[in-house]
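**Q** Here you go, one structure.
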Amino acid sequence: MAQFKTFDARVMRSIPLSDFTKHIELEVSGVPRFGFVPGQWLSVKATTPDGEEITRAYSIASPPSENGRVVFCLNRVQDGFMSNHLCSLAEGETITFQGPFGDFILRPPPRDTVFIATGTGIAPFRSMLHWLLAESDRHRGRQFWLLFGARTEQDIYYREEFDRLAAKHDNFHFLPTLSRATDDWKGLRGYVQQHLGEIVGMRTDMHAYICGLDKMVKANRELLKSLGWDHTSIRYEKFD
Ligand SMILES: Cc1cc2nc3c(=O)[nH]c(=O)nc-3n(C[C@H](O)[C@H](O)[C@H](O)COP(=O)(O)OP(=O)(O)OC[C@H]3O[C@@H](n4cnc5c(N)ncnc54)[C@H](O)[C@@H]3O)c2cc1C
């Protein structure tokens, strides 16, 4: 059995994105640069108060950088240990992890692509989209849609950042949709799968990446398959 290297990382910043969600910036110790591919995740280890060692996966929510930093976008899960432990960490505290792991990564050749996320499922797409849009030869001539489902406006994580990216790149379209919108919300309403058909139309030559909880992933995969998509064009990561 392969032995994976274990790393420590220090919490540099922990910022609430909503009442139950945190953006946590970590600096990996002992390496000048931490290499990974956008879409990959880390396996975080911690010991519960009962002395049980547990590991949980967390997608890296930042693009590869020169400074050894990675970001997590974390949701507190009711009665869960790891998610609450990580969301409660103070700046300066450390975590232990192995990785990077995972093959939920952008597949060549580049095609027009729809990214579909709900909640913290936005994490791998924040990494992928910053990476893609950073250099014109990674995205030139292609269209990208980010269809992001949230309950309310407060739950649209990284909204200003994605709005800025969309303003800068006319081939990137940021489409938040709210399931519990107030009357004054002017954007899309309802679940992501209610809008996916409008984006893809009759096309089956695109890529789709889906990330979030099982039920949402399933609904979107089924919809795309019913529209004639080949399963190899649909990639997904389930968080539960
Ligand atoms: C590849 C991968 C990447 C992941 N990346 C992220 C990430 O970037 N951010 C993130 O917040 N979580 C992510 N998760 C989920 C994470 O690994 C944990 O499952 C989650 O934090 C709950 O762990 P826990 O120890 O707190 O609770 P547990 O005791 O392990 O879980 C309690 C219950 O909550 C369910 N559950 C798991 N995740 C969620 C969720 N997000 N919302 C609601 N219920 C859930 C579980 O199925 C379980 O029934 C990822 C999971 C996988 C497999």
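FYI, nothing fancy with the structure tokens labels: chains A, B, ... in order, residues from 1 per chain, ligands from 1 as they appear.
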Please provide the set of residues having any atom within 9 Å of segment 132-134 of chain A, restricted to only C-alpha atoms, with same-chain residues fewer than 4 positions apart removed, written as a PyMOL selection string.

**A** chain A and resi 127-128+138-140+165+169+172

**Q** Got time to write the residues from that selection, N, CA and C atoms, as a PDB file, in the first residue's frame?

**A**
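Contents of part-v7.pdb, as written:
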ATOM      1  N   SER A 127     -11.307  27.228  -8.078  1.00  0.00           N
ATOM      2  CA  SER A 127      -9.937  26.915  -8.472  1.00  0.00           C
ATOM      3  C   SER A 127      -9.829  26.826  -9.995  1.00  0.00           C
ATOM      4  N   MET A 128     -10.718  26.037 -10.613  1.00  0.00           N
ATOM      5  CA  MET A 128     -10.639  25.824 -12.067  1.00  0.00           C
ATOM      6  C   MET A 128     -10.817  27.129 -12.846  1.00  0.00           C
ATOM      7  N   ARG A 138      -5.616  29.498 -22.360  1.00  0.00           N
ATOM      8  CA  ARG A 138      -6.375  28.435 -21.686  1.00  0.00           C
ATOM      9  C   ARG A 138      -7.880  28.537 -21.984  1.00  0.00           C
ATOM     10  N   HIS A 139      -8.338  29.737 -22.384  1.00  0.00           N
ATOM     11  CA  HIS A 139      -9.798  29.901 -22.514  1.00  0.00           C
ATOM     12  C   HIS A 139     -10.253  30.538 -23.823  1.00  0.00           C
ATOM     13  N   ARG A 140      -9.296  31.024 -24.634  1.00  0.00           N
ATOM     14  CA  ARG A 140      -9.660  31.748 -25.859  1.00  0.00           C
ATOM     15  C   ARG A 140     -10.564  30.903 -26.764  1.00  0.00           C
ATOM     16  N   LEU A 165     -14.999  38.643 -12.578  1.00  0.00           N
ATOM     17  CA  LEU A 165     -14.456  37.794 -13.652  1.00  0.00           C
ATOM     18  C   LEU A 165     -15.349  37.866 -14.893  1.00  0.00           C
ATOM     19  N   HIS A 169     -14.248  39.054 -18.608  1.00  0.00           N
ATOM     20  CA  HIS A 169     -14.148  38.051 -19.682  1.00  0.00           C
ATOM     21  C   HIS A 169     -15.531  37.847 -20.294  1.00  0.00           C
ATOM     22  N   PHE A 172     -17.142  34.339 -20.091  1.00  0.00           N
ATOM     23  CA  PHE A 172     -17.500  33.711 -18.806  1.00  0.00           C
ATOM     24  C   PHE A 172     -18.820  34.299 -18.313  1.00  0.00           C
TER      25      PHE A 172
END

**Q** Using only C-alpha atoms, what table do you get, as JSON lines, when you list each residue of segment 120-238 of chain A with an atom no more than 9 Å from segment 53-62 of chain A, its nearest pair of atoms, and their distance in Å rounded to one decimal, rows by chain then rising number?

**A**
{"residue": "A:Gly121", "atom": "CA", "partner": "A:Ser59", "partner_atom": "CA", "distance": 8.5}
{"residue": "A:Ile122", "atom": "CA", "partner": "A:Ala61", "partner_atom": "CA", "distance": 7.7}
{"residue": "A:Ala123", "atom": "CA", "partner": "A:Ala61", "partner_atom": "CA", "distance": 4.2}
{"residue": "A:Pro124", "atom": "CA", "partner": "A:Ala61", "partner_atom": "CA", "distance": 5.2}
{"residue": "A:Phe125", "atom": "CA", "partner": "A:Ala61", "partner_atom": "CA", "distance": 7.2}
{"residue": "A:Arg126", "atom": "CA", "partner": "A:Ala61", "partner_atom": "CA", "distance": 5.4}
{"residue": "A:Ser127", "atom": "CA", "partner": "A:Ser62", "partner_atom": "CA", "distance": 4.3}
{"residue": "A:Met128", "atom": "CA", "partner": "A:Ser62", "partner_atom": "CA", "distance": 8.0}
{"residue": "A:His130", "atom": "CA", "partner": "A:Ser62", "partner_atom": "CA", "distance": 7.6}
{"residue": "A:Trp131", "atom": "CA", "partner": "A:Ser62", "partner_atom": "CA", "distance": 8.6}

**Q** Can you check which parts of chain A lie within 6 Å of ligand 1? Per residue, the shortest pair of atoms and distance in Å to one decimal, counting only C-alpha atoms and all ligand atoms, sorted by chain and number, as a tab-separated table.

**A**
residue	atom	partner	partner_atom_place_in_ligand_line	distance
A:Trp41	CA	ligand 1	3 (C)	5.9
A:Arg56	CA	ligand 1	17 (O)	4.3
A:Ala57	CA	ligand 1	17 (O)	3.9
A:Tyr58	CA	ligand 1	5 (N)	3.5
A:Ser59	CA	ligand 1	8 (O)	3.9
A:Phe72	CA	ligand 1	8 (O)	5.9
A:Cys73	CA	ligand 1	9 (N)	5.2
A:Leu74	CA	ligand 1	11 (O)	3.6
A:Asn75	CA	ligand 1	11 (O)	3.9
A:Val77	CA	ligand 1	26 (O)	5.1
A:Gly80	CA	ligand 1	27 (O)	3.2
A:Phe81	CA	ligand 1	25 (O)	4.2
A:Met82	CA	ligand 1	25 (O)	3.7
A:Ser83	CA	ligand 1	26 (O)	3.6
A:Asn84	CA	ligand 1	26 (O)	5.8
A:Thr120	CA	ligand 1	9 (N)	5.1
A:Ala123	CA	ligand 1	8 (O)	5.2
A:Lys238	CA	ligand 1	53 (C)	5.8
A:Phe239	CA	ligand 1	51 (C)	3.6
A:Asp240	CA	ligand 1	47 (O)	4.0

**Q** Filtering to C-alpha atoms, could you give me those residues as a PDB file, in the first residue's frame?

**A**
ATOM      1  CA  TRP A  41      -8.870  17.746  -2.907  1.00  0.00           C
ATOM      2  CA  ARG A  56     -12.369  13.897   5.433  1.00  0.00           C
ATOM      3  CA  ALA A  57     -11.902  15.214   1.902  1.00  0.00           C
ATOM      4  CA  TYR A  58     -11.919  18.954   1.115  1.00  0.00           C
ATOM      5  CA  SER A  59     -11.633  20.427  -2.363  1.00  0.00           C
ATOM      6  CA  PHE A  72     -10.949  25.713   1.604  1.00  0.00           C
ATOM      7  CA  CYS A  73     -14.605  26.685   1.329  1.00  0.00           C
ATOM      8  CA  LEU A  74     -16.253  24.850   4.213  1.00  0.00           C
ATOM      9  CA  ASN A  75     -19.747  24.255   5.369  1.00  0.00           C
ATOM     10  CA  VAL A  77     -22.517  20.061   8.814  1.00  0.00           C
ATOM     11  CA  GLY A  80     -20.411  16.488  12.028  1.00  0.00           C
ATOM     12  CA  PHE A  81     -17.001  16.627  13.703  1.00  0.00           C
ATOM     13  CA  MET A  82     -14.528  17.620  11.003  1.00  0.00           C
ATOM     14  CA  SER A  83     -16.513  20.400   9.350  1.00  0.00           C
ATOM     15  CA  ASN A  84     -17.175  22.108  12.692  1.00  0.00           C
ATOM     16  CA  THR A 120     -19.633  24.619  -1.055  1.00  0.00           C
ATOM     17  CA  ALA A 123     -14.909  25.148  -4.223  1.00  0.00           C
ATOM     18  CA  LYS A 238     -20.211  14.299  -4.798  1.00  0.00           C
ATOM     19  CA  PHE A 239     -19.626  15.706  -1.303  1.00  0.00           C
ATOM     20  CA  ASP A 240     -21.961  13.282   0.562  1.00  0.00           C
TER      21      ASP A 240
END

**Q** Quick check, in Å to one decimal: how far apart do atom CA of Lys22 of chain A and atom CA of Gln40 of chain A lie?

**A**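 Separating atom CA of Lys22 of chain A from atom CA of Gln40 of chain A is a distance of 18.8 Å.
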
**Q** If you run DSSP over the backbone, which residues in segment 21-204 of chain A end up strand (DSSP E)? Put them as an mmCIF file with C-alpha atoms, in the first residue's frame.

**A**
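Result written to selection12.cif:
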data_model
loop_
_atom_site.group_PDB
_atom_site.id
_atom_site.type_symbol
_atom_site.label_atom_id
_atom_site.label_comp_id
_atom_site.auth_asym_id
_atom_site.auth_seq_id
_atom_site.Cartn_x
_atom_site.Cartn_y
_atom_site.Cartn_z
ATOM 1 C CA THR A 21 -19.722 28.705 5.791
ATOM 2 C CA LYS A 22 -16.081 29.739 5.994
ATOM 3 C CA HIS A 23 -13.337 30.659 3.561
ATOM 4 C CA ILE A 24 -10.116 29.353 5.126
ATOM 5 C CA GLU A 25 -6.713 30.258 3.744
ATOM 6 C CA LEU A 26 -3.930 27.845 4.678
ATOM 7 C CA GLU A 27 -0.182 27.983 4.251
ATOM 8 C CA VAL A 28 1.402 24.584 3.742
ATOM 9 C CA TRP A 41 -8.870 17.746 -2.907
ATOM 10 C CA LEU A 42 -6.913 17.206 0.301
ATOM 11 C CA SER A 43 -7.507 14.503 2.897
ATOM 12 C CA VAL A 44 -7.582 16.223 6.296
ATOM 13 C CA LYS A 45 -6.904 14.219 9.466
ATOM 14 C CA ALA A 46 -7.978 15.070 13.004
ATOM 15 C CA THR A 47 -8.638 13.289 16.286
ATOM 16 C CA GLU A 53 -8.753 9.530 14.157
ATOM 17 C CA ILE A 54 -10.889 10.618 11.217
ATOM 18 C CA THR A 55 -10.141 11.859 7.722
ATOM 19 C CA ARG A 56 -12.369 13.897 5.433
ATOM 20 C CA ALA A 57 -11.902 15.214 1.902
ATOM 21 C CA TYR A 58 -11.919 18.954 1.115
ATOM 22 C CA SER A 59 -11.633 20.427 -2.363
ATOM 23 C CA ARG A 69 -1.202 28.650 -0.010
ATOM 24 C CA VAL A 70 -4.481 26.793 -0.494
ATOM 25 C CA VAL A 71 -8.059 27.803 0.269
ATOM 26 C CA PHE A 72 -10.949 25.713 1.604
ATOM 27 C CA CYS A 73 -14.605 26.685 1.329
ATOM 28 C CA LEU A 74 -16.253 24.850 4.213
ATOM 29 C CA ASN A 75 -19.747 24.255 5.369
ATOM 30 C CA THR A 94 -2.611 24.103 12.193
ATOM 31 C CA ILE A 95 -4.150 21.146 10.384
ATOM 32 C CA THR A 96 -2.636 17.907 9.069
ATOM 33 C CA PHE A 97 -3.427 16.536 5.633
ATOM 34 C CA GLN A 98 -2.363 14.262 2.801
ATOM 35 C CA GLY A 99 -2.772 14.886 -0.894
ATOM 36 C CA PRO A 100 -3.518 16.295 -3.370
ATOM 37 C CA PHE A 101 -5.868 13.593 -4.665
ATOM 38 C CA THR A 113 -18.223 24.128 -20.596
ATOM 39 C CA VAL A 114 -20.952 24.451 -18.006
ATOM 40 C CA PHE A 115 -19.947 24.266 -14.337
ATOM 41 C CA ILE A 116 -22.839 23.412 -12.019
ATOM 42 C CA ALA A 117 -22.551 23.806 -8.244
ATOM 43 C CA THR A 118 -24.601 24.242 -5.124
ATOM 44 C CA PHE A 144 -17.911 29.031 -19.844
ATOM 45 C CA TRP A 145 -21.034 29.147 -17.702
ATOM 46 C CA LEU A 146 -21.052 28.890 -13.901
ATOM 47 C CA LEU A 147 -24.541 27.911 -12.776
ATOM 48 C CA PHE A 148 -24.512 28.289 -8.986
ATOM 49 C CA GLY A 149 -27.471 27.312 -6.805
ATOM 50 C CA ALA A 150 -27.984 28.922 -3.403
ATOM 51 C CA PHE A 172 -17.500 33.711 -18.806
ATOM 52 C CA HIS A 173 -21.121 33.838 -17.652
ATOM 53 C CA PHE A 174 -21.936 33.803 -13.939
ATOM 54 C CA LEU A 175 -25.488 32.602 -13.288
ATOM 55 C CA PRO A 176 -26.488 32.383 -9.635
ATOM 56 C CA THR A 177 -29.982 30.945 -9.073
ATOM 57 C CA LEU A 178 -31.861 31.255 -5.784
ATOM 58 C CA LEU A 188 -32.576 33.381 -11.853
ATOM 59 C CA ARG A 189 -34.886 31.528 -9.473
#

**Q** Between atom CA of Gly197 of chain A and atom CA of Tyr157 of chain A, what is the distance, to one decimal in Å?

**A** 23.5 Å

**Q** Go through segment 55-222 of chain A and collect every residue that DSSP, computed from the backbone, puts in helix (DSSP H, G or I); the answer should be as a tab-separated table (two decimals) with C-alpha atoms, in the first residue's frame.

**A**
chain	number	residue	atom	x	y	z
A	82	MET	CA	-14.53	17.62	11.00
A	83	SER	CA	-16.51	20.40	9.35
A	84	ASN	CA	-17.17	22.11	12.69
A	85	HIS	CA	-13.61	21.55	13.87
A	86	LEU	CA	-12.20	23.25	10.74
A	87	CYS	CA	-14.73	26.08	10.82
A	88	SER	CA	-13.79	26.77	14.46
A	119	GLY	CA	-23.28	25.43	-1.76
A	120	THR	CA	-19.63	24.62	-1.05
A	121	GLY	CA	-19.64	22.63	-4.31
A	122	ILE	CA	-18.37	25.95	-5.69
A	123	ALA	CA	-14.91	25.15	-4.22
A	124	PRO	CA	-13.30	23.20	-7.10
A	125	PHE	CA	-14.83	25.59	-9.66
A	126	ARG	CA	-13.29	28.63	-7.96
A	127	SER	CA	-9.94	26.92	-8.47
A	128	MET	CA	-10.64	25.82	-12.07
A	129	LEU	CA	-12.13	29.13	-13.25
A	130	HIS	CA	-9.38	31.34	-11.79
A	131	TRP	CA	-6.84	29.05	-13.43
A	132	LEU	CA	-8.65	28.94	-16.78
A	133	LEU	CA	-9.28	32.67	-17.03
A	134	ALA	CA	-5.78	33.67	-15.91
A	136	SER	CA	-5.88	33.66	-22.67
A	137	ASP	CA	-4.54	30.50	-24.35
A	138	ARG	CA	-6.38	28.44	-21.69
A	139	HIS	CA	-9.80	29.90	-22.51
A	153	GLU	CA	-28.49	36.17	-1.89
A	154	GLN	CA	-26.33	35.87	1.26
A	155	ASP	CA	-25.43	32.32	0.20
A	159	ARG	CA	-20.31	36.72	-5.70
A	160	GLU	CA	-18.27	39.88	-6.23
A	161	GLU	CA	-15.28	37.89	-7.37
A	162	PHE	CA	-17.28	35.96	-10.01
A	163	ASP	CA	-19.09	39.15	-11.07
A	164	ARG	CA	-15.69	40.77	-11.61
A	165	LEU	CA	-14.46	37.79	-13.65
A	166	ALA	CA	-17.61	37.91	-15.79
A	167	ALA	CA	-17.18	41.67	-16.36
A	168	LYS	CA	-13.58	41.12	-17.45
A	193	GLN	CA	-31.39	21.83	-13.06
A	194	GLN	CA	-34.28	24.14	-13.99
A	195	HIS	CA	-31.84	26.35	-15.95
A	196	LEU	CA	-29.38	23.86	-17.35
A	197	GLY	CA	-31.54	23.09	-20.42
A	198	GLU	CA	-31.62	26.81	-21.37
A	199	ILE	CA	-27.81	26.93	-21.30
A	200	VAL	CA	-27.04	23.80	-23.29
A	214	ASP	CA	-25.69	13.60	-4.35
A	215	LYS	CA	-29.30	14.57	-5.08
A	216	MET	CA	-28.33	17.64	-7.12
A	217	VAL	CA	-25.56	15.81	-8.96
A	218	LYS	CA	-27.97	13.02	-9.90
A	219	ALA	CA	-30.70	15.42	-11.12
A	220	ASN	CA	-28.28	17.25	-13.41
A	221	ARG	CA	-26.62	14.11	-14.77
A	222	GLU	CA	-30.00	12.61	-15.58

**Q** Hey, which of A:Leu17, A:Leu213, A:Val31, A:Ala208 ends up closest to Arg107 of chain A? Count only C-alpha atoms.

**A** A:Ala208

**Q** Which of these, A:Tyr209, A:Gly51, A:Arg151, A:Arg203, has the shortest distance to Ala181 of chain A once you count only C-alpha atoms?

**A**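 Closest residue, counting only C-alpha atoms: A:Arg151.
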
**Q** Could you list, as a ChimeraX atom specification, every residue within 8 Å of Arg142 of chain A, counting only C-alpha atoms and ignoring same-chain residues fewer than 6 positions away?

**A** /A:110-113,171

**Q** From the set A:Arg180, A:Gly187, A:Gly228, A:Arg76, which residue has the shortest atom-to-atom contact distance to Met202 of chain A, counting only C-alpha atoms?

**A**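 Of A:Arg180, A:Gly187, A:Gly228, A:Arg76, the one nearest Met202 of chain A, counting only C-alpha atoms, is A:Gly228.
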
**Q** For atom CA of Tyr236 of chain A and atom CA of Leu223 of chain A, determine how far apart the two atoms are, in Å to one decimal place.

**A**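 Computing the Euclidean distance for atom CA of Tyr236 of chain A and atom CA of Leu223 of chain A yields 13.7 Å.
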
**Q** Which residue is closest to Glu66 of chain A? Choose from A:Asp103, A:Pro32, A:Glu237, A:Thr48 and count only C-alpha atoms.

**A**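 Under the stated criterion, the closest residue is A:Pro32.
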